[in-house]
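What follows is the content of my_file_36.cif (mmCIF, C-alpha atoms and all ligand atoms).
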```cif
data_query
loop_
_atom_site.group_PDB
_atom_site.id
_atom_site.type_symbol
_atom_site.label_atom_id
_atom_site.label_comp_id
_atom_site.auth_asym_id
_atom_site.auth_seq_id
_atom_site.Cartn_x
_atom_site.Cartn_y
_atom_site.Cartn_z
ATOM 1 C CA MET A 27 0.000 0.000 0.000
ATOM 2 C CA PHE A 28 0.982 3.615 -0.238
ATOM 3 C CA LEU A 29 1.224 6.656 2.039
ATOM 4 C CA ARG A 30 1.235 10.164 0.574
ATOM 5 C CA ILE A 31 3.082 13.356 1.487
ATOM 6 C CA ASP A 32 1.645 16.652 0.244
ATOM 7 C CA ARG A 33 4.986 18.008 -1.023
ATOM 8 C CA LEU A 34 6.797 18.037 -4.359
ATOM 9 C CA GLN A 35 10.241 16.390 -4.384
ATOM 10 C CA ILE A 36 11.831 19.804 -5.093
ATOM 11 C CA GLU A 37 10.770 23.432 -4.886
ATOM 12 C CA LEU A 38 9.819 24.762 -8.342
ATOM 13 C CA PRO A 39 10.451 28.454 -9.109
ATOM 14 C CA ALA A 40 7.433 30.724 -9.597
ATOM 15 C CA PRO A 41 6.754 31.187 -13.344
ATOM 16 C CA LYS A 42 7.500 34.675 -14.707
ATOM 17 C CA GLU A 43 5.109 34.380 -17.646
ATOM 18 C CA SER A 44 2.795 31.870 -19.248
ATOM 19 C CA ASP A 45 4.498 29.416 -21.632
ATOM 20 C CA PRO A 46 1.829 26.957 -22.840
ATOM 21 C CA ASN A 47 3.855 25.664 -25.800
ATOM 22 C CA ALA A 48 6.688 24.740 -23.399
ATOM 23 C CA ALA A 49 4.023 22.880 -21.396
ATOM 24 C CA ALA A 50 3.071 20.997 -24.566
ATOM 25 C CA ALA A 51 6.712 19.901 -25.061
ATOM 26 C CA VAL A 52 7.117 18.933 -21.379
ATOM 27 C CA GLN A 53 4.100 16.600 -21.711
ATOM 28 C CA GLU A 54 6.472 14.129 -23.434
ATOM 29 C CA LEU A 55 8.322 13.707 -20.120
ATOM 30 C CA LEU A 56 5.034 12.921 -18.387
ATOM 31 C CA GLY A 57 2.993 10.755 -20.745
ATOM 32 C CA GLY A 58 5.381 9.840 -23.560
ATOM 33 C CA ARG A 59 6.748 6.335 -24.219
ATOM 34 C CA PHE A 60 9.836 7.269 -22.130
ATOM 35 C CA GLY A 61 8.063 9.593 -19.682
ATOM 36 C CA GLU A 62 7.484 9.363 -15.942
ATOM 37 C CA MET A 63 4.160 7.497 -16.375
ATOM 38 C CA SER A 64 6.166 4.758 -18.087
ATOM 39 C CA THR A 65 8.927 4.470 -15.471
ATOM 40 C CA LEU A 66 6.267 4.568 -12.728
ATOM 41 C CA MET A 67 4.063 1.858 -14.223
ATOM 42 C CA ASN A 68 6.915 -0.384 -15.429
ATOM 43 C CA TYR A 69 8.482 -0.585 -11.968
ATOM 44 C CA THR A 70 5.127 -0.674 -10.184
ATOM 45 C CA TYR A 71 3.838 -3.673 -12.161
ATOM 46 C CA GLN A 72 7.214 -5.427 -12.007
ATOM 47 C CA SER A 73 7.058 -5.083 -8.204
ATOM 48 C CA PHE A 74 3.439 -6.331 -8.095
ATOM 49 C CA ASN A 75 4.256 -9.350 -10.284
ATOM 50 C CA PHE A 76 7.693 -10.269 -8.884
ATOM 51 C CA ARG A 77 8.215 -14.018 -8.259
ATOM 52 C CA ALA A 78 10.203 -15.460 -5.300
ATOM 53 C CA HIS A 79 10.657 -12.044 -3.768
ATOM 54 C CA ASP A 80 11.258 -13.677 -0.386
ATOM 55 C CA LYS A 81 14.518 -15.068 -1.852
ATOM 56 C CA LEU A 82 15.364 -12.147 -4.141
ATOM 57 C CA LYS A 83 14.436 -9.348 -1.751
ATOM 58 C CA PRO A 84 17.148 -6.775 -2.613
ATOM 59 C CA TYR A 85 16.052 -6.711 -6.278
ATOM 60 C CA ARG A 86 12.345 -6.451 -5.545
ATOM 61 C CA ASP A 87 13.063 -3.818 -2.858
ATOM 62 C CA LEU A 88 15.026 -1.804 -5.430
ATOM 63 C CA ILE A 89 12.321 -1.921 -8.128
ATOM 64 C CA ALA A 90 9.479 -1.231 -5.650
ATOM 65 C CA ASN A 91 11.306 1.659 -3.982
ATOM 66 C CA ILE A 92 12.249 3.338 -7.270
ATOM 67 C CA ALA A 93 8.617 2.913 -8.433
ATOM 68 C CA THR A 94 7.513 4.958 -5.423
ATOM 69 C CA GLU A 95 9.969 7.725 -6.271
ATOM 70 C CA GLU A 96 8.575 7.752 -9.843
ATOM 71 C CA LEU A 97 5.079 8.423 -8.460
ATOM 72 C CA GLY A 98 6.520 11.657 -7.076
ATOM 73 C CA HIS A 99 8.099 12.349 -10.470
ATOM 74 C CA ILE A 100 4.760 12.319 -12.333
ATOM 75 C CA GLU A 101 3.555 14.701 -9.620
ATOM 76 C CA LEU A 102 6.540 16.990 -10.228
ATOM 77 C CA VAL A 103 6.185 17.018 -14.032
ATOM 78 C CA ALA A 104 2.413 17.602 -13.748
ATOM 79 C CA ALA A 105 3.097 20.573 -11.440
ATOM 80 C CA THR A 106 5.578 21.901 -14.010
ATOM 81 C CA VAL A 107 3.017 21.647 -16.840
ATOM 82 C CA ASN A 108 0.436 23.411 -14.645
ATOM 83 C CA LEU A 109 2.819 26.268 -13.765
ATOM 84 C CA LEU A 110 3.873 26.681 -17.409
ATOM 85 C CA ILE A 111 0.266 27.150 -18.587
ATOM 86 C CA THR A 112 -0.757 29.415 -15.688
ATOM 87 C CA GLY A 113 -1.686 32.898 -16.932
ATOM 88 C CA ALA A 114 -2.356 31.887 -20.546
ATOM 89 C CA THR A 115 -5.867 33.420 -20.480
ATOM 90 C CA ARG A 116 -7.696 36.205 -18.644
ATOM 91 C CA PRO A 117 -11.182 36.034 -17.061
ATOM 92 C CA ALA A 118 -13.919 37.405 -19.316
ATOM 93 C CA PRO A 119 -17.530 36.486 -20.157
ATOM 94 C CA PRO A 120 -17.947 33.614 -22.648
ATOM 95 C CA GLU A 121 -19.096 35.914 -25.462
ATOM 96 C CA ALA A 122 -15.728 37.728 -25.288
ATOM 97 C CA ALA A 123 -13.954 34.434 -26.260
ATOM 98 C CA PRO A 124 -11.562 34.396 -23.273
ATOM 99 C CA LEU A 125 -10.037 31.105 -24.521
ATOM 100 C CA GLY A 126 -9.499 32.448 -28.043
ATOM 101 C CA VAL A 127 -5.722 32.452 -27.703
ATOM 102 C CA ALA A 128 -5.766 28.668 -27.189
ATOM 103 C CA LYS A 129 -6.965 27.792 -30.686
ATOM 104 C CA ASP A 130 -3.523 28.680 -32.031
ATOM 105 C CA LEU A 131 -1.513 26.903 -29.306
ATOM 106 C CA ARG A 132 0.069 23.454 -29.754
ATOM 107 C CA ASN A 133 -2.141 21.590 -27.306
ATOM 108 C CA THR A 134 -5.801 22.669 -27.364
ATOM 109 C CA HIS A 135 -6.629 19.689 -25.110
ATOM 110 C CA HIS A 136 -4.947 21.633 -22.269
ATOM 111 C CA PHE A 137 -7.764 24.183 -22.661
ATOM 112 C CA ILE A 138 -10.733 21.967 -23.569
ATOM 113 C CA ALA A 139 -10.262 18.627 -21.788
ATOM 114 C CA THR A 140 -8.599 20.024 -18.649
ATOM 115 C CA ALA A 141 -8.637 23.505 -17.112
ATOM 116 C CA GLN A 142 -5.115 24.366 -18.346
ATOM 117 C CA THR A 143 -3.519 21.446 -16.513
ATOM 118 C CA ALA A 144 -1.531 18.276 -17.146
ATOM 119 C CA LEU A 145 -2.726 15.457 -19.397
ATOM 120 C CA VAL A 146 -1.799 11.771 -19.210
ATOM 121 C CA GLY A 147 -0.391 12.033 -22.697
ATOM 122 C CA ASN A 148 2.649 12.946 -24.745
ATOM 123 C CA SER A 149 3.847 16.129 -26.470
ATOM 124 C CA MET A 150 1.668 15.397 -29.513
ATOM 125 C CA GLY A 151 -1.441 14.850 -27.376
ATOM 126 C CA ALA A 152 -1.539 11.044 -27.703
ATOM 127 C CA ALA A 153 -2.666 9.302 -24.498
ATOM 128 C CA TRP A 154 -0.184 7.307 -22.422
ATOM 129 C CA SER A 155 -0.596 3.571 -22.990
ATOM 130 C CA GLY A 156 -0.278 0.479 -20.821
ATOM 131 C CA ASP A 157 1.443 -1.071 -23.838
ATOM 132 C CA TYR A 158 4.541 0.871 -22.697
ATOM 133 C CA VAL A 159 4.851 -1.471 -19.695
ATOM 134 C CA PHE A 160 7.362 -4.320 -20.025
ATOM 135 C CA CYS A 161 7.000 -6.937 -17.310
ATOM 136 C CA SER A 162 8.385 -10.252 -18.563
ATOM 137 C CA GLY A 163 8.948 -11.841 -15.166
ATOM 138 C CA ASN A 164 12.569 -12.605 -16.114
ATOM 139 C CA LEU A 165 14.568 -10.598 -13.592
ATOM 140 C CA ILE A 166 17.649 -9.933 -15.720
ATOM 141 C CA LEU A 167 15.577 -8.985 -18.774
ATOM 142 C CA ASP A 168 13.313 -6.675 -16.729
ATOM 143 C CA LEU A 169 16.357 -4.978 -15.126
ATOM 144 C CA LEU A 170 17.957 -4.622 -18.564
ATOM 145 C CA HIS A 171 14.731 -3.073 -19.870
ATOM 146 C CA ASN A 172 14.664 -0.645 -16.921
ATOM 147 C CA PHE A 173 18.264 0.384 -17.625
ATOM 148 C CA PHE A 174 17.297 1.029 -21.269
ATOM 149 C CA LEU A 175 14.144 2.899 -20.198
ATOM 150 C CA GLU A 176 16.131 5.248 -17.924
ATOM 151 C CA CYS A 177 18.633 5.927 -20.744
ATOM 152 C CA GLY A 178 15.855 6.596 -23.269
ATOM 153 C CA ALA A 179 14.185 8.898 -20.751
ATOM 154 C CA ARG A 180 17.475 10.762 -20.290
ATOM 155 C CA LEU A 181 17.871 11.338 -24.042
ATOM 156 C CA GLN A 182 14.369 12.794 -24.275
ATOM 157 C CA LYS A 183 14.808 14.967 -21.158
ATOM 158 C CA ILE A 184 17.906 16.501 -22.741
ATOM 159 C CA ARG A 185 16.046 17.131 -26.015
ATOM 160 C CA VAL A 186 13.177 18.864 -24.194
ATOM 161 C CA TYR A 187 15.780 20.901 -22.259
ATOM 162 C CA GLU A 188 17.141 21.951 -25.653
ATOM 163 C CA MET A 189 13.638 23.027 -26.742
ATOM 164 C CA THR A 190 12.921 25.431 -23.880
ATOM 165 C CA THR A 191 14.883 27.897 -21.772
ATOM 166 C CA ASN A 192 11.923 28.267 -19.386
ATOM 167 C CA PRO A 193 13.370 28.237 -15.825
ATOM 168 C CA VAL A 194 10.479 26.175 -14.375
ATOM 169 C CA ALA A 195 10.914 23.469 -17.028
ATOM 170 C CA ARG A 196 14.703 23.471 -16.691
ATOM 171 C CA GLU A 197 14.623 23.231 -12.874
ATOM 172 C CA MET A 198 12.447 20.113 -13.125
ATOM 173 C CA ILE A 199 14.544 18.610 -15.940
ATOM 174 C CA GLY A 200 17.822 19.310 -14.099
ATOM 175 C CA TYR A 201 16.580 17.462 -11.017
ATOM 176 C CA LEU A 202 15.132 14.542 -12.982
ATOM 177 C CA LEU A 203 18.354 14.154 -14.996
ATOM 178 C CA VAL A 204 20.148 13.591 -11.678
ATOM 179 C CA ARG A 205 17.487 11.204 -10.339
ATOM 180 C CA GLY A 206 17.403 9.298 -13.641
ATOM 181 C CA GLY A 207 21.187 8.945 -13.371
ATOM 182 C CA VAL A 208 20.709 7.375 -9.936
ATOM 183 C CA HIS A 209 18.129 4.937 -11.298
ATOM 184 C CA ALA A 210 20.210 3.937 -14.337
ATOM 185 C CA THR A 211 23.191 3.350 -12.022
ATOM 186 C CA ALA A 212 21.053 1.365 -9.569
ATOM 187 C CA TYR A 213 19.789 -0.961 -12.307
ATOM 188 C CA ALA A 214 23.349 -1.247 -13.660
ATOM 189 C CA ARG A 215 24.623 -2.278 -10.206
ATOM 190 C CA ALA A 216 21.796 -4.789 -9.821
ATOM 191 C CA LEU A 217 22.668 -6.323 -13.203
ATOM 192 C CA GLU A 218 26.354 -6.417 -12.246
ATOM 193 C CA THR A 219 25.583 -8.432 -9.081
ATOM 194 C CA LEU A 220 23.674 -10.966 -11.209
ATOM 195 C CA THR A 221 25.899 -11.175 -14.293
ATOM 196 C CA GLY A 222 29.309 -9.725 -13.443
ATOM 197 C CA VAL A 223 28.989 -7.263 -16.330
ATOM 198 C CA ASN A 224 30.035 -3.717 -15.384
ATOM 199 C CA MET A 225 27.077 -1.875 -16.884
ATOM 200 C CA THR A 226 28.047 1.474 -15.327
ATOM 201 C CA LYS A 227 30.788 1.716 -18.002
ATOM 202 C CA LEU A 228 28.015 2.330 -20.548
ATOM 203 C CA LEU A 229 26.860 5.453 -18.684
ATOM 204 C CA PRO A 230 26.046 8.178 -19.334
ATOM 205 C CA ILE A 231 23.873 7.563 -22.402
ATOM 206 C CA PRO A 232 23.923 9.875 -24.327
ATOM 207 C CA ARG A 233 27.552 10.726 -23.623
ATOM 208 C CA ILE A 234 27.183 14.131 -22.023
ATOM 209 C CA GLU A 235 27.624 14.509 -18.247
ATOM 210 C CA ASN A 236 24.780 15.764 -16.030
ATOM 211 C CA ALA A 237 27.247 18.292 -14.579
ATOM 212 C CA ARG A 238 27.166 19.975 -18.018
ATOM 213 C CA PHE A 239 23.650 21.285 -17.160
ATOM 214 C CA PRO A 240 23.660 24.085 -14.520
ATOM 215 C CA GLU A 241 20.298 23.007 -13.068
ATOM 216 C CA ALA A 242 21.607 19.427 -12.616
ATOM 217 C CA ARG A 243 25.033 20.543 -11.371
ATOM 218 C CA LYS A 244 23.348 22.304 -8.446
ATOM 219 C CA TYR A 245 21.786 19.015 -7.278
ATOM 220 C CA GLU A 246 25.027 17.071 -7.789
ATOM 221 C CA ALA A 247 26.784 19.592 -5.520
ATOM 222 C CA MET A 248 24.227 18.588 -2.858
ATOM 223 C CA GLY A 249 25.080 14.880 -3.317
ATOM 224 C CA VAL A 250 21.656 14.034 -4.830
ATOM 225 C CA HIS A 251 23.380 11.906 -7.526
ATOM 226 C CA ARG A 252 24.850 9.614 -4.841
ATOM 227 C CA THR A 253 21.615 9.288 -2.875
ATOM 228 C CA LEU A 254 18.866 6.679 -3.077
ATOM 229 C CA TYR A 255 15.919 7.788 -0.917
ATOM 230 C CA ARG A 256 14.072 4.986 0.894
ATOM 231 C CA PHE A 257 10.403 5.873 0.396
ATOM 232 C CA SER A 258 8.925 3.850 3.250
ATOM 233 C CA PRO A 259 8.693 4.139 7.057
ATOM 234 C CA ASN A 260 10.085 0.611 7.620
ATOM 235 C CA ASP A 261 10.350 -1.384 4.393
ATOM 236 C CA TYR A 262 12.639 -1.814 1.370
ATOM 237 C CA ARG A 263 15.798 -1.655 3.505
ATOM 238 C CA ASP A 264 17.679 -4.167 1.313
ATOM 239 C CA ILE A 265 18.185 -1.539 -1.398
ATOM 240 C CA ALA A 266 21.357 -0.814 0.611
ATOM 241 C CA GLN A 267 22.745 -4.218 -0.478
ATOM 242 C CA ILE A 268 22.818 -2.938 -4.071
ATOM 243 C CA TRP A 269 23.190 0.838 -3.579
ATOM 244 C CA ARG A 270 26.584 0.941 -1.844
ATOM 245 C CA GLY A 271 30.277 1.449 -2.566
ATOM 246 C CA PRO A 272 32.007 4.278 -4.409
ATOM 247 C CA ALA A 273 29.896 6.431 -6.751
ATOM 248 C CA PRO A 274 30.805 6.156 -10.476
ATOM 249 C CA THR A 275 31.361 9.949 -10.406
ATOM 250 C CA GLY A 276 34.304 9.326 -8.045
ATOM 251 C CA ASP A 277 33.273 11.979 -5.524
ATOM 252 C CA GLY A 278 32.179 9.862 -2.557
ATOM 253 C CA ASP A 279 30.154 6.814 -1.616
ATOM 254 C CA LEU A 280 26.654 5.875 -2.658
ATOM 255 C CA GLN A 281 24.264 6.356 0.266
ATOM 256 C CA VAL A 282 20.725 5.300 1.172
ATOM 257 C CA VAL A 283 18.789 8.084 2.907
ATOM 258 C CA ASP A 284 15.912 6.880 5.115
ATOM 259 C CA GLY A 285 12.935 8.938 4.040
ATOM 260 C CA PRO A 286 12.025 11.328 1.242
ATOM 261 C CA PRO A 287 13.808 14.544 0.263
ATOM 262 C CA ALA A 288 12.665 17.717 2.076
ATOM 263 C CA GLY A 289 11.138 18.928 -1.189
ATOM 264 C CA GLY A 290 8.959 21.984 -1.718
ATOM 265 C CA PRO A 291 5.333 23.109 -1.569
ATOM 266 C CA VAL A 292 2.688 22.054 -4.093
ATOM 267 C CA PRO A 293 1.931 25.299 -5.985
ATOM 268 C CA VAL A 294 -1.559 26.767 -5.530
ATOM 269 C CA LEU A 295 -3.257 27.159 -8.920
ATOM 270 C CA PRO A 296 -5.501 30.233 -9.093
ATOM 271 C CA PRO A 297 -9.194 29.863 -10.046
ATOM 272 C CA LEU A 298 -9.979 30.113 -13.777
ATOM 273 C CA PRO A 299 -13.553 31.428 -14.070
ATOM 274 C CA GLU A 300 -13.229 31.426 -17.877
ATOM 275 C CA GLU A 301 -12.731 27.609 -17.650
ATOM 276 C CA MET A 302 -15.478 27.243 -14.966
ATOM 277 C CA ALA A 303 -12.707 25.876 -12.714
ATOM 278 C CA PRO A 304 -13.479 25.413 -9.915
ATOM 279 C CA GLU A 305 -16.645 27.313 -11.011
ATOM 280 C CA TYR A 306 -17.817 30.197 -13.203
ATOM 281 C CA ASP A 307 -18.282 32.155 -9.957
ATOM 282 C CA PRO A 308 -15.368 30.889 -7.780
ATOM 283 C CA ALA A 309 -16.362 33.168 -4.858
ATOM 284 C CA GLU A 310 -19.567 31.215 -4.319
ATOM 285 C CA ILE A 311 -17.937 27.758 -4.082
ATOM 286 C CA ILE A 312 -15.046 29.126 -1.975
ATOM 287 C CA ALA A 313 -17.594 30.627 0.495
ATOM 288 C CA LEU A 314 -19.243 27.181 0.801
ATOM 289 C CA ALA A 315 -15.845 25.595 1.599
ATOM 290 C CA GLN A 316 -15.193 28.276 4.217
ATOM 291 C CA LYS A 317 -18.564 27.479 5.869
ATOM 292 C CA LEU A 318 -17.560 23.791 5.955
ATOM 293 C CA GLN A 319 -14.214 24.612 7.580
ATOM 294 C CA ALA A 320 -15.838 26.968 10.101
ATOM 295 C CA ALA A 321 -18.377 24.299 11.079
ATOM 296 C CA ALA A 322 -15.583 21.775 11.690
ATOM 297 C CA SER A 323 -13.499 24.040 13.929
HETATM 298 MN MN MN B 1 11.631 9.551 -12.990
HETATM 299 MN MN MN B 2 13.743 6.930 -13.040
#
```

Output the file's structure as structure tokens, nothing else.
Ligand code: MN
Ligand code: MN
Amino acid sequence: MFLRIDRLQIELPAPKESDPNAAAAVQELLGGRFGEMSTLMNYTYQSFNFRAHDKLKPYRDLIANIATEELGHIELVAATVNLLITGATRPAPPEAAPLGVAKDLRNTHHFIATAQTALVGNSMGAAWSGDYVFCSGNLILDLLHNFFLECGARLQKIRVYEMTTNPVAREMIGYLLVRGGVHATAYARALETLTGVNMTKLLPIPRIENARFPEARKYEAMGVHRTLYRFSPNDYRDIAQIWRGPAPTGDGDLQVVDGPPAGGPVPVLPPLPEEMAPEYDPAEIIALAQKLQAAAS
């Protein structure tokens, strides 16, 4: 089962201006074939379906624990998409066509299907698919797939970084480049314990260091690239049997941190009366919520 903490894994900067086409590009990192929905659901289903996990506990602990971190990654990318769209339209009566600007933007679904918020889909608007989940039941093949998935995700993160200079998008991408590096290394180490093959020699794919990106370098200076967070009050402790020893970056030892990162607040999205979200007259529904809170206290 799962517990939930009402924080993002990092603090995102406040957006300076609306950037809905950057949001459309960032959708690839959420609901694309190599996006966070895919890493989340691949590792989640592999952990659900794992055989003999009583005898192979470190490997199942690793996959299950990284899956939980990925749940926070879809949350972080969704928050980024939401912040990037914020401010795209202004409140006005329907007859004034307050959503008119959206008909010329890349993703009209952001304005019609949701109230200017994240979709479970890619940068071209196609829905995420369960067909992206690989769960063969063969441990070495599944770990090899996960290593490939993290490398594919890294390539696409870098390409989206190259598409937008938006500071909100780049903060999120910088952090997730570092976390993806941790996951690729973790799966490489797991494969090495099973096969003897030093997979970390293949990294990084593509061959450009995370430290090359200022937003990633900041997190590496904090040791985030050597850290595997244990996302559970008491469980998944055997990740430390795989995540240990000197870091491939040569700047210290790999460490398991018990508990999540301190993170940052979940941004408050302002009401959008022109989208009827949360209502055409937000004051009315907010007054009802205040009555509810007053009655409870
Ligand atoms: Mn991720
Ligand atoms: Mn990952």

Review point. Excluding same-chain residues fewer than 5 positions from Ala216 of chain A, what lies within 12 Å of it counting all atoms listed in the file, as a VMD selection string?
Key: chain A and resid 82 to 89 165 to 170 172 to 173 209 to 211 221 to 226 264 to 270

**Study point:** Nearby polymer residues, ligand MN 1 (chain B), at most 8 Å, only C-alpha atoms and all ligand atoms, as a list in words
**Key:**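 Those residues are Gly61, Glu62, Thr65, Leu66, Glu95, Glu96, His99, Ile100, Glu176, Leu202, Arg205 and Gly206 of chain A.
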
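Closest approach to Leu254 of chain A among A:Ala237, A:Ala123, A:Ile92, A:Ala40: A:Ile92, based on all atoms listed in the file.
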
Give me the residues within 8 Å of Val204 of chain A as a short mmCIF file (atom, residue, chain, number, x, y, z; two decimals) with C-alpha atoms, in the frame of the given file, counting all atoms listed in the file and dropping any in the same chain fewer than 5 places off.
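Dumped to selection-v8.cif:
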```
data_model
loop_
_atom_site.label_atom_id
_atom_site.label_comp_id
_atom_site.auth_asym_id
_atom_site.auth_seq_id
_atom_site.Cartn_x
_atom_site.Cartn_y
_atom_site.Cartn_z
CA ASN A 236 24.78 15.76 -16.03
CA ALA A 242 21.61 19.43 -12.62
CA TYR A 245 21.79 19.02 -7.28
CA GLU A 246 25.03 17.07 -7.79
CA VAL A 250 21.66 14.03 -4.83
CA HIS A 251 23.38 11.91 -7.53
#
```

Review point. Of the candidates A:Gly151, A:Pro293, A:Gly156, A:Gly178, which one gets nearest to ligand MN 2 (chain B) if we count all atoms listed in the file?
Key: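 Among the listed residues, the smallest separation from ligand MN 2 (chain B) belongs to A:Gly178.
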
Check your understanding: Hey, what's within 9 Å of segment 283-288 of chain A if we count all atoms listed in the file and toss same-chain stuff fewer than 3 positions away? As a ChimeraX atom specification, please?
Key -> /A:33-36,95,253-260,263

Point to revise | Ground truth for the PyMOL selection byres (((chain A and resi 136-147) around 9) and not hetatm), written as a PyMOL selection string | key: chain A and resi 46+49-50+53-54+56-58+63+103-109+111-112+114+125+128-129+133-135+148-155+298+301-304

Exercise for review: State, in Å with one decimal place, the distance from atom CA of Pro230 of chain A to atom CA of Thr70 of chain A.
Suggested key: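 Straight-line distance from atom CA of Pro230 of chain A to atom CA of Thr70 of chain A works out to 24.5 Å.
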
Practice item. Evaluate the PyMOL selection byres (((chain A and resi 239) around 12) and not hetatm) on the structure here and hand back the selected residues as a list in words. Key: Lys183, Ile184, Tyr187, Glu188, Thr191, Arg196, Glu197, Met198, Ile199, Gly200, Tyr201, Leu202, Leu203, Val204, Ile234, Glu235, Asn236, Ala237, Arg238, Pro240, Glu241, Ala242, Arg243, Lys244, Tyr245 and Glu246 of chain A

Check your understanding: When distances are computed from all atoms listed in the file, which of A:Leu29, A:Leu97, A:Leu220, A:Pro297 shows the smallest separation from ligand MN 2 (chain B)?
Key -> A:Leu97

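Between atom CA of Val194 of chain A and atom CA of Pro296 of chain A there is a distance of 17.3 Å.
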
Exercise for review: Can you work out which one of A:Pro39, A:Gly207, A:Gly163, A:Pro274 has the shortest atom-to-atom distance to ligand MN 2 (chain B), counting all atoms listed in the file?
Suggested key: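 Nearest to ligand MN 2 (chain B): A:Gly207.
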
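Coordinates place atom CA of Ile31 of chain A at a distance of 27.3 Å from atom CA of Gly113 of chain A.
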
Review point. Which one of A:Phe60, A:Tyr71, A:Tyr262, A:Phe76 sits closest to ligand MN 2 (chain B) if you count all atoms listed in the file?
Key: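 Ranking A:Phe60, A:Tyr71, A:Tyr262, A:Phe76 by distance to ligand MN 2 (chain B), first place goes to A:Phe60.
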
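For the residues A:Pro272, A:Pro41, A:Gly98, A:Pro117, ranking by smallest atom-to-atom distance to Glu305 of chain A using only C-alpha atoms places A:Pro117 first.
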